[in-house]
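Heads up, run.pdb below (PDB, C-alpha atoms):
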ATOM      1  CA  MET G  22     173.662  34.746-160.101
ATOM      2  CA  ILE G  23     176.561  37.099-160.791
ATOM      3  CA  TYR G  24     176.932  40.782-159.983
ATOM      4  CA  GLN G  25     179.818  43.151-160.687
ATOM      5  CA  ALA G  26     179.690  46.843-159.783
ATOM      6  CA  PRO G  27     180.715  49.452-162.368
ATOM      7  CA  TRP G  28     184.444  50.214-162.270
ATOM      8  CA  TRP G  29     183.694  53.899-161.762
ATOM      9  CA  LEU G  30     181.759  53.231-158.545
ATOM     10  CA  PRO G  31     184.049  51.421-156.082
ATOM     11  CA  GLY G  32     183.185  50.628-152.468
ATOM     12  CA  GLY G  33     180.058  49.888-150.485
ATOM     13  CA  ASN G  34     179.323  53.461-149.457
ATOM     14  CA  LEU G  35     179.479  54.858-152.989
ATOM     15  CA  GLN G  36     177.379  51.975-154.317
ATOM     16  CA  THR G  37     174.800  52.587-151.585
ATOM     17  CA  ILE G  38     174.574  56.368-151.886
ATOM     18  CA  TYR G  39     174.726  56.556-155.678
ATOM     19  CA  ALA G  40     171.960  53.992-156.053
ATOM     20  CA  ALA G  41     169.658  55.918-153.740
ATOM     21  CA  LEU G  42     170.325  59.384-155.149
ATOM     22  CA  ARG G  43     171.443  59.242-158.760
ATOM     23  CA  SER G  44     170.811  55.923-160.467
ATOM     24  CA  GLN G  45     168.129  55.088-163.022
ATOM     25  CA  ARG G  46     165.221  53.206-161.454
ATOM     26  CA  TYR G  47     163.183  52.241-164.521
ATOM     27  CA  LEU G  48     163.540  51.745-168.247
ATOM     28  CA  ALA G  49     160.592  53.776-169.526
ATOM     29  CA  GLU G  50     158.150  55.921-167.548
ATOM     30  CA  ALA G  51     158.160  56.093-163.770
ATOM     31  CA  PRO G  52     155.831  53.585-162.101
ATOM     32  CA  ASN G  53     152.358  54.949-161.438
ATOM     33  CA  PHE G  54     150.769  53.797-158.178
ATOM     34  CA  ARG G  55     147.165  53.618-157.015
ATOM     35  CA  ARG G  56     146.684  53.761-153.246
ATOM     36  CA  GLU G  57     144.334  51.721-151.082
ATOM     37  CA  ARG G  58     143.890  52.156-147.338
ATOM     38  CA  TRP G  59     143.434  48.948-145.386
ATOM     39  CA  VAL G  60     141.969  48.972-141.888
ATOM     40  CA  THR G  61     144.039  46.777-139.594
ATOM     41  CA  PRO G  62     142.617  44.319-137.034
ATOM     42  CA  ASP G  63     143.362  46.865-134.269
ATOM     43  CA  ASN G  64     141.464  49.647-136.107
ATOM     44  CA  ASP G  65     144.561  51.403-137.354
ATOM     45  CA  PHE G  66     145.504  51.535-141.038
ATOM     46  CA  VAL G  67     148.186  50.696-143.578
ATOM     47  CA  ASP G  68     148.366  52.249-147.029
ATOM     48  CA  VAL G  69     149.072  49.938-149.969
ATOM     49  CA  ASP G  70     150.273  51.256-153.324
ATOM     50  CA  PHE G  71     149.457  49.151-156.384
ATOM     51  CA  ALA G  72     151.435  49.648-159.582
ATOM     52  CA  GLN G  73     148.964  50.550-162.314
ATOM     53  CA  HIS G  74     150.713  48.870-165.240
ATOM     54  CA  ILE G  75     148.686  46.259-167.125
ATOM     55  CA  SER G  76     148.900  42.634-165.964
ATOM     56  CA  GLU G  77     146.650  39.609-166.295
ATOM     57  CA  ALA G  78     144.320  38.922-163.364
ATOM     58  CA  ASP G  79     146.013  35.590-162.675
ATOM     59  CA  ALA G  80     149.571  36.874-163.175
ATOM     60  CA  PRO G  81     151.973  36.636-160.237
ATOM     61  CA  LEU G  82     151.701  39.407-157.665
ATOM     62  CA  LEU G  83     155.015  40.810-156.434
ATOM     63  CA  VAL G  84     154.708  42.279-152.926
ATOM     64  CA  VAL G  85     157.541  44.635-151.928
ATOM     65  CA  PHE G  86     158.082  45.335-148.219
ATOM     66  CA  HIS G  87     160.181  48.467-147.884
ATOM     67  CA  GLY G  88     163.063  49.192-145.529
ATOM     68  CA  LEU G  89     163.493  51.560-142.596
ATOM     69  CA  GLU G  90     161.659  54.817-143.408
ATOM     70  CA  GLY G  91     161.134  53.655-146.987
ATOM     71  CA  SER G  92     158.052  53.846-149.214
ATOM     72  CA  SER G  93     156.826  53.183-152.743
ATOM     73  CA  ALA G  94     158.968  56.170-153.780
ATOM     74  CA  SER G  95     162.190  54.448-152.693
ATOM     75  CA  HIS G  96     164.583  53.644-155.507
ATOM     76  CA  TYR G  97     164.330  49.888-154.967
ATOM     77  CA  ALA G  98     160.508  49.936-154.886
ATOM     78  CA  GLU G  99     160.349  51.729-158.228
ATOM     79  CA  ALA G 100     162.948  49.367-159.701
ATOM     80  CA  PHE G 101     161.007  46.281-158.562
ATOM     81  CA  ALA G 102     157.767  47.747-159.928
ATOM     82  CA  ASP G 103     159.465  48.326-163.276
ATOM     83  CA  VAL G 104     160.832  44.781-163.442
ATOM     84  CA  ALA G 105     157.352  43.488-162.575
ATOM     85  CA  ARG G 106     155.915  45.584-165.421
ATOM     86  CA  VAL G 107     158.355  44.089-167.925
ATOM     87  CA  ARG G 108     157.464  40.565-166.758
ATOM     88  CA  GLY G 109     153.719  41.244-166.861
ATOM     89  CA  TRP G 110     153.367  40.778-163.099
ATOM     90  CA  ALA G 111     151.241  42.790-160.730
ATOM     91  CA  CYS G 112     153.112  44.688-158.011
ATOM     92  CA  ALA G 113     152.118  46.172-154.660
ATOM     93  CA  VAL G 114     154.028  48.084-151.992
ATOM     94  CA  PRO G 115     152.406  47.953-148.534
ATOM     95  CA  HIS G 116     153.629  50.718-146.243
ATOM     96  CA  PHE G 117     154.554  49.982-142.687
ATOM     97  CA  ARG G 118     152.612  52.135-140.265
ATOM     98  CA  GLY G 119     153.610  55.771-140.447
ATOM     99  CA  CYS G 120     155.616  55.425-143.686
ATOM    100  CA  SER G 121     152.987  56.416-146.260
ATOM    101  CA  GLY G 122     153.103  60.145-145.507
ATOM    102  CA  GLU G 123     150.460  60.086-142.767
ATOM    103  CA  LEU G 124     150.966  59.208-139.123
ATOM    104  CA  ASN G 125     149.110  56.091-138.044
ATOM    105  CA  HIS G 126     146.600  56.248-135.191
ATOM    106  CA  ALA G 127     147.648  53.545-132.731
ATOM    107  CA  PRO G 128     150.302  53.942-129.996
ATOM    108  CA  ARG G 129     152.743  51.887-132.046
ATOM    109  CA  ALA G 130     154.662  52.115-135.311
ATOM    110  CA  TYR G 131     156.647  49.289-136.997
ATOM    111  CA  HIS G 132     159.761  47.268-136.285
ATOM    112  CA  SER G 133     162.207  44.767-137.764
ATOM    113  CA  GLY G 134     160.479  41.671-136.395
ATOM    114  CA  ASP G 135     156.866  42.613-137.087
ATOM    115  CA  PHE G 136     155.927  39.222-138.528
ATOM    116  CA  GLU G 137     152.312  39.448-137.294
ATOM    117  CA  GLU G 138     151.771  42.508-139.517
ATOM    118  CA  ILE G 139     153.486  40.730-142.420
ATOM    119  CA  ASP G 140     151.183  37.748-141.909
ATOM    120  CA  TRP G 141     148.005  39.818-141.967
ATOM    121  CA  ILE G 142     149.118  41.746-145.065
ATOM    122  CA  LEU G 143     150.199  38.680-147.046
ATOM    123  CA  ARG G 144     147.053  36.728-146.213
ATOM    124  CA  ARG G 145     144.937  39.630-147.442
ATOM    125  CA  PHE G 146     146.871  39.729-150.707
ATOM    126  CA  LYS G 147     146.489  35.964-151.084
ATOM    127  CA  ALA G 148     142.721  36.118-150.512
ATOM    128  CA  ALA G 149     142.245  38.905-153.049
ATOM    129  CA  HIS G 150     144.611  37.858-155.844
ATOM    130  CA  ALA G 151     143.871  35.098-158.359
ATOM    131  CA  GLY G 152     147.482  34.323-159.214
ATOM    132  CA  PRO G 153     150.485  33.278-157.149
ATOM    133  CA  VAL G 154     151.963  35.691-154.605
ATOM    134  CA  VAL G 155     155.693  36.266-154.102
ATOM    135  CA  ALA G 156     157.174  38.683-151.574
ATOM    136  CA  VAL G 157     160.475  40.509-151.242
ATOM    137  CA  GLY G 158     161.574  42.541-148.243
ATOM    138  CA  ILE G 159     164.233  45.204-148.405
ATOM    139  CA  SER G 160     166.550  45.734-145.413
ATOM    140  CA  LEU G 161     164.234  45.961-142.355
ATOM    141  CA  GLY G 162     161.339  44.607-144.411
ATOM    142  CA  GLY G 163     163.397  41.588-145.412
ATOM    143  CA  ASN G 164     164.272  40.674-141.849
ATOM    144  CA  ALA G 165     160.586  40.905-140.900
ATOM    145  CA  LEU G 166     159.630  38.787-143.932
ATOM    146  CA  MET G 167     162.192  36.088-143.119
ATOM    147  CA  ARG G 168     161.055  36.189-139.512
ATOM    148  CA  TRP G 169     157.516  35.545-140.791
ATOM    149  CA  ALA G 170     158.628  32.656-143.011
ATOM    150  CA  SER G 171     160.436  31.031-140.099
ATOM    151  CA  GLU G 172     157.409  31.437-137.806
ATOM    152  CA  LEU G 173     155.039  29.827-140.294
ATOM    153  CA  GLY G 174     157.327  27.024-141.429
ATOM    154  CA  ALA G 175     155.548  24.762-143.917
ATOM    155  CA  ALA G 176     152.346  26.811-143.689
ATOM    156  CA  ALA G 177     154.042  29.748-145.468
ATOM    157  CA  SER G 178     153.749  27.938-148.809
ATOM    158  CA  GLY G 179     149.970  28.195-148.513
ATOM    159  CA  VAL G 180     150.295  31.975-148.640
ATOM    160  CA  VAL G 181     153.263  32.672-150.923
ATOM    161  CA  SER G 182     155.177  30.751-153.579
ATOM    162  CA  ALA G 183     158.532  32.234-152.540
ATOM    163  CA  VAL G 184     160.118  34.999-150.469
ATOM    164  CA  ALA G 185     163.336  36.994-150.648
ATOM    165  CA  SER G 186     165.241  39.392-148.427
ATOM    166  CA  VAL G 187     167.607  42.007-149.833
ATOM    167  CA  CYS G 188     170.433  43.545-147.791
ATOM    168  CA  SER G 189     168.578  42.683-144.606
ATOM    169  CA  PRO G 190     170.124  42.980-141.135
ATOM    170  CA  LEU G 191     169.364  39.380-140.251
ATOM    171  CA  ASP G 192     171.507  39.806-137.128
ATOM    172  CA  LEU G 193     170.101  43.057-135.758
ATOM    173  CA  ALA G 194     172.672  43.458-132.987
ATOM    174  CA  ALA G 195     175.604  43.235-135.409
ATOM    175  CA  SER G 196     174.018  45.716-137.807
ATOM    176  CA  GLY G 197     172.925  48.006-134.989
ATOM    177  CA  ARG G 198     176.498  48.233-133.740
ATOM    178  CA  ALA G 199     177.857  48.781-137.256
ATOM    179  CA  ILE G 200     175.503  51.623-138.157
ATOM    180  CA  GLY G 201     176.313  53.381-134.899
ATOM    181  CA  GLN G 202     180.014  53.801-135.641
ATOM    182  CA  GLY G 203     182.234  56.112-137.686
ATOM    183  CA  PHE G 204     181.045  57.201-141.134
ATOM    184  CA  ASN G 205     177.849  55.182-140.731
ATOM    185  CA  ARG G 206     176.928  57.144-137.612
ATOM    186  CA  LEU G 207     177.671  60.476-139.272
ATOM    187  CA  VAL G 208     175.731  59.762-142.473
ATOM    188  CA  TYR G 209     173.230  56.903-142.285
ATOM    189  CA  THR G 210     172.276  57.158-138.608
ATOM    190  CA  ARG G 211     171.771  60.902-138.901
ATOM    191  CA  MET G 212     169.630  60.422-142.034
ATOM    192  CA  PHE G 213     167.372  57.895-140.327
ATOM    193  CA  LEU G 214     167.019  59.886-137.106
ATOM    194  CA  ASN G 215     166.183  63.052-139.053
ATOM    195  CA  SER G 216     163.049  61.219-140.233
ATOM    196  CA  MET G 217     162.294  59.032-137.225
ATOM    197  CA  VAL G 218     162.576  61.568-134.391
ATOM    198  CA  PRO G 219     160.007  64.066-135.767
ATOM    199  CA  LYS G 220     157.562  61.195-136.363
ATOM    200  CA  ALA G 221     158.092  59.962-132.817
ATOM    201  CA  LEU G 222     157.444  63.449-131.442
ATOM    202  CA  LYS G 223     154.158  63.567-133.364
ATOM    203  CA  LYS G 224     153.309  60.135-131.976
ATOM    204  CA  LEU G 225     153.922  61.542-128.503
ATOM    205  CA  GLU G 226     151.502  64.390-129.258
ATOM    206  CA  GLN G 227     148.901  61.765-130.205
ATOM    207  CA  HIS G 228     149.531  59.722-127.074
ATOM    208  CA  PRO G 229     151.002  61.874-124.276
ATOM    209  CA  GLY G 230     153.182  59.981-121.829
ATOM    210  CA  LEU G 231     153.939  57.170-124.286
ATOM    211  CA  PHE G 232     157.690  57.678-123.766
ATOM    212  CA  SER G 233     160.102  60.391-122.614
ATOM    213  CA  ALA G 234     160.504  63.320-124.997
ATOM    214  CA  GLU G 235     163.759  64.259-123.260
ATOM    215  CA  ALA G 236     165.220  60.782-123.763
ATOM    216  CA  LEU G 237     164.110  60.793-127.402
ATOM    217  CA  LEU G 238     165.740  64.151-128.130
ATOM    218  CA  ALA G 239     168.936  62.922-126.480
ATOM    219  CA  ALA G 240     169.133  59.860-128.781
ATOM    220  CA  ARG G 241     172.150  60.008-131.080
ATOM    221  CA  ASP G 242     172.013  56.517-132.549
ATOM    222  CA  LEU G 243     169.496  53.792-133.375
ATOM    223  CA  TYR G 244     170.367  51.887-130.192
ATOM    224  CA  ALA G 245     169.154  54.807-128.080
ATOM    225  CA  PHE G 246     166.111  55.419-130.296
ATOM    226  CA  ASP G 247     165.088  51.773-130.101
ATOM    227  CA  ASN G 248     165.548  51.818-126.334
ATOM    228  CA  VAL G 249     163.235  54.828-125.945
ATOM    229  CA  VAL G 250     160.677  54.218-128.703
ATOM    230  CA  THR G 251     160.775  51.000-130.729
ATOM    231  CA  ALA G 252     161.289  48.479-127.936
ATOM    232  CA  PRO G 253     158.701  49.686-125.388
ATOM    233  CA  LEU G 254     156.049  50.479-128.011
ATOM    234  CA  HIS G 255     156.180  46.940-129.381
ATOM    235  CA  GLY G 256     156.442  44.802-126.289
ATOM    236  CA  PHE G 257     160.199  44.465-125.866
ATOM    237  CA  LYS G 258     162.065  45.151-122.623
ATOM    238  CA  ASN G 259     164.857  47.188-124.196
ATOM    239  CA  THR G 260     167.030  47.409-127.295
ATOM    240  CA  GLU G 261     168.950  44.216-126.535
ATOM    241  CA  ASP G 262     165.720  42.262-126.089
ATOM    242  CA  TYR G 263     164.292  43.727-129.298
ATOM    243  CA  TRP G 264     167.371  43.053-131.407
ATOM    244  CA  GLN G 265     167.722  39.518-130.101
ATOM    245  CA  ARG G 266     164.066  38.447-130.424
ATOM    246  CA  ALA G 267     163.406  40.197-133.741
ATOM    247  CA  SER G 268     166.478  38.936-135.628
ATOM    248  CA  ALA G 269     165.662  36.401-138.341
ATOM    249  CA  LYS G 270     169.057  34.669-138.515
ATOM    250  CA  PRO G 271     168.592  32.381-135.474
ATOM    251  CA  HIS G 272     165.307  31.082-136.926
ATOM    252  CA  MET G 273     166.177  30.534-140.585
ATOM    253  CA  ARG G 274     166.563  26.781-140.198
ATOM    254  CA  ARG G 275     162.771  26.664-139.784
ATOM    255  CA  ILE G 276     162.012  28.243-143.165
ATOM    256  CA  ALA G 277     160.237  25.712-145.395
ATOM    257  CA  VAL G 278     159.148  27.869-148.348
ATOM    258  CA  ALA G 279     161.540  28.704-151.191
ATOM    259  CA  ALA G 280     163.580  31.683-150.007
ATOM    260  CA  LEU G 281     166.450  33.834-151.262
ATOM    261  CA  ALA G 282     168.625  35.952-148.964
ATOM    262  CA  VAL G 283     170.705  38.553-150.834
ATOM    263  CA  ASN G 284     173.501  40.351-148.974
ATOM    264  CA  ALA G 285     176.470  42.182-150.451
ATOM    265  CA  LEU G 286     179.693  41.498-148.580
ATOM    266  CA  ASN G 287     180.597  45.205-148.692
ATOM    267  CA  ASP G 288     177.311  46.426-147.209
ATOM    268  CA  PRO G 289     178.316  49.348-144.949
ATOM    269  CA  PHE G 290     176.036  48.408-142.085
ATOM    270  CA  VAL G 291     175.379  44.695-142.479
ATOM    271  CA  PRO G 292     178.759  43.197-141.509
ATOM    272  CA  ALA G 293     179.836  40.251-143.652
ATOM    273  CA  ALA G 294     180.830  38.299-140.540
ATOM    274  CA  SER G 295     177.226  38.474-139.299
ATOM    275  CA  LEU G 296     175.659  36.950-142.405
ATOM    276  CA  PRO G 297     174.116  33.463-142.306
ATOM    277  CA  ARG G 298     176.057  30.555-143.707
ATOM    278  CA  ALA G 299     174.665  27.358-145.194
ATOM    279  CA  ALA G 300     174.649  25.673-141.793
ATOM    280  CA  ASP G 301     172.459  28.460-140.397
ATOM    281  CA  VAL G 302     169.572  28.030-142.837
ATOM    282  CA  SER G 303     167.248  25.316-144.084
ATOM    283  CA  ALA G 304     167.613  23.515-147.405
ATOM    284  CA  THR G 305     164.919  25.745-148.965
ATOM    285  CA  VAL G 306     166.971  28.926-148.419
ATOM    286  CA  THR G 307     169.381  30.131-151.115
ATOM    287  CA  LEU G 308     172.124  32.506-149.976
ATOM    288  CA  TRP G 309     173.486  34.975-152.528
ATOM    289  CA  GLN G 310     176.353  37.012-151.111
ATOM    290  CA  PRO G 311     178.152  38.854-153.914
ATOM    291  CA  ARG G 312     181.368  40.715-153.153
ATOM    292  CA  GLU G 313     179.904  44.109-154.131
ATOM    293  CA  GLY G 314     176.574  45.910-154.109
ATOM    294  CA  GLY G 315     176.522  48.100-151.006
ATOM    295  CA  HIS G 316     173.315  48.467-149.028
ATOM    296  CA  VAL G 317     170.395  48.073-151.440
ATOM    297  CA  GLY G 318     172.624  49.452-154.159
ATOM    298  CA  PHE G 319     173.742  47.021-156.879
ATOM    299  CA  PRO G 320     174.145  49.794-159.484
ATOM    300  CA  SER G 321     175.040  48.547-162.940
ATOM    301  CA  ALA G 322     176.645  49.935-166.065
ATOM    302  CA  PRO G 323     176.297  51.694-168.432
ATOM    303  CA  PHE G 324     176.873  55.172-167.078
ATOM    304  CA  PRO G 325     174.957  56.737-165.342
ATOM    305  CA  GLY G 326     173.832  53.294-164.243
ATOM    306  CA  HIS G 327     170.601  51.726-163.110
ATOM    307  CA  VAL G 328     169.496  49.596-160.157
ATOM    308  CA  ARG G 329     167.642  46.839-161.985
ATOM    309  CA  ALA G 330     170.316  44.144-161.585
ATOM    310  CA  MET G 331     169.210  43.075-158.127
ATOM    311  CA  PRO G 332     165.427  43.217-158.791
ATOM    312  CA  GLU G 333     165.946  41.251-162.008
ATOM    313  CA  ALA G 334     167.926  38.578-160.152
ATOM    314  CA  VAL G 335     165.333  38.322-157.375
ATOM    315  CA  CYS G 336     162.438  38.122-159.836
ATOM    316  CA  GLY G 337     164.365  35.504-161.814
ATOM    317  CA  PHE G 338     164.563  33.428-158.631
ATOM    318  CA  PHE G 339     160.827  33.895-158.099
ATOM    319  CA  ALA G 340     160.024  32.888-161.687
ATOM    320  CA  ALA G 341     161.907  29.635-161.185
ATOM    321  CA  GLN G 342     159.638  28.780-158.231
ATOM    322  CA  LEU G 343     156.350  29.394-160.072
TER     323      LEU G 343
END
Would you kindly transcribe this structure into structure tokens?
Amino acid sequence: MIYQAPWWLPGGNLQTIYAALRSQRYLAEAPNFRRERWVTPDNDFVDVDFAQHISEADAPLLVVFHGLEGSSASHYAEAFADVARVRGWACAVPHFRGCSGELNHAPRAYHSGDFEEIDWILRRFKAAHAGPVVAVGISLGGNALMRWASELGAAASGVVSAVASVCSPLDLAASGRAIGQGFNRLVYTRMFLNSMVPKALKKLEQHPGLFSAEALLAARDLYAFDNVVTAPLHGFKNTEDYWQRASAKPHMRRIAVAALAVNALNDPFVPAASLPRAADVSATVTLWQPREGGHVGFPSAPFPGHVRAMPEAVCGFFAAQL
């Protein structure tokens, strides 16, 4: 697999921001999604968007787990849905709790190591779909997916034919430190907190006393937010405990299903030094670490560019496993 960024778009930050805001996501019409609401085992809900393009009943199903504060409207989700359409595959985007436009009911949300939720979602897809199931996770969703694959080991192949992570912070501590510094703190951290803090305040209205509103409003980075909200709501002692236990990298030697981990070396908040090497993963894991691409960017020529290069490469990997 080879990727080269357009000459007119140098650097990880430009490749990240351009892809999210300006690039072309699909070749023809925008993907059209049909929504289903699934009741979770704890009587909460997740919303699942199914691409409505035509596919055979026994065609592969591509499941796309979105990143932090993402959705089926994210640029990468639409690009994957379009690539699935061209291949004749079905495609579905399950939303992590609170990311579908409606606040979930339970006193919890979602997090980077939520492999139990991944397991329940994938098993439901497998039970309902006649063809093979493949799953890709973007950023946060990819770490959670790889965490799931490592937890299940050989049993994962009974649920999916292959998995992939894209630009995932497989070492959460390294990425957490990187996104909290300099330009990343000013741009990306602020963007995430502008979405996450209002949701957390609404969650506090649902469940008074769940955490400290004062501490939440004082949070200026993801470390502080995770310490106040993410960690305690999901059974972790603090941010350090959460980042350490939820990271997929230390567990990737246990992955037994075919897996692809894609990480650009110029990703602004996934440091290249933190990425897994061959010795860190099992023989079933393929590492693709191109020099360029940014964070979930991978824009391609011609001008004004599109973001299909990475989804096409990932789906090509999946096709080889089917």
Sel. within 12 Å of pt (171.2, 52.3, -131.3), counting only C-alpha atoms, output as number ranges by chain: G: 193-202, 205-206, 210-211, 213-214, 237, 239-252, 259-261, 263-264
For Lys224 (chain G), the nearest of the candidates G:Leu161, G:Ala236, G:Ala127, G:Leu48, counting all atoms listed in the file: G:Ala127
Residue nearest Gly337 (chain G) among G:Pro325, G:Pro190, G:Met22, G:Lys270 (counting all atoms listed in the file):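 Counting all atoms listed in the file, the residue closest to Gly337 (chain G) is G:Met22.
Proximity of G:Phe290, G:Phe86, G:Phe136, G:Tyr209 to Gly315 (chain G), computed with all atoms listed in the file, is greatest for G:Phe290.
Computed from the coordinates, the CA of Ser76 (chain G) to CA of Arg106 (chain G) distance equals 7.6 Å.
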Result set, the PyMOL selection byres ((chain G and resi 110) around 8) on current file, as JSON, numbers by chain: {"G": [76, 77, 80, 81, 82, 83, 105, 106, 107, 108, 109, 111, 112]}
Selected residue of minimal separation from Pro219 (chain G) among G:Ile38, G:Ser303, G:Glu333, G:Ala234, counting all atoms listed in the file: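 Going through G:Ile38, G:Ser303, G:Glu333, G:Ala234 one by one, the smallest distance to Pro219 (chain G) is for G:Ala234.
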Selection under test: the PyMOL selection byres ((chain G and resi 273) around 8); residues as an NGL selection string: :G and (167-168 or 171 or 269-272 or 274-276 or 301-303)
Kindly provide, as AutoDock Vina command-line options, the centre and edge lengths (Å, one decimal) of an axis-aligned box around all atoms of region 200-217 of chain G given in the file, with 6 Å on each side.
--center_x 172.3 --center_y 57.3 --center_z -138.7 --size_x 31.9 --size_y 23.4 --size_z 19.6
Atom pair CA of Leu343 (chain G) / CA of Asp79 (chain G): separation (Å):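 Atom-to-atom, CA of Leu343 (chain G) to CA of Asp79 (chain G), that is 12.3 Å.
For the file shown, the residue list from the PyMOL selection byres ((chain G and resi 305-307) around 6) reads Ala277, Ala279, Ala280, Leu281, Ser303, Ala304 and Leu308 of chain G.
The interatomic distance for the pair CA of Cys120 (chain G) and CA of Pro289 (chain G) works out to 23.5 Å.
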Distance query Glu138 (chain G) at most 10 Å, all atoms listed in the file, self and fewer than 5 positions along chain excluded, as a list in words: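 Everything that qualifies: Thr61, Pro62, Val67, Phe117, Arg118, Tyr131, His132, Leu143, Ala165, Leu166 and Trp169 of chain G.
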Minimum-distance residue to Ala285 (chain G), chosen among G:Ile139, G:Ala340, G:Met331, G:Ala300 (using all atoms listed in the file):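 Closest residue, counting all atoms listed in the file: G:Met331.
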Residue nearest Ile142 (chain G) - candidates G:Asp103, G:Glu172, G:Val208, G:Phe66, atoms counted: all atoms listed in the file: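 Looking only at the distances to Ile142 (chain G), the closest residue turns out to be G:Phe66.
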Sel. within 9 Å of pt (151.6, 35.8, -154.2), counting only C-alpha atoms, output as a ChimeraX atom specification: /G:81-84,143,146-147,150-156,180-183
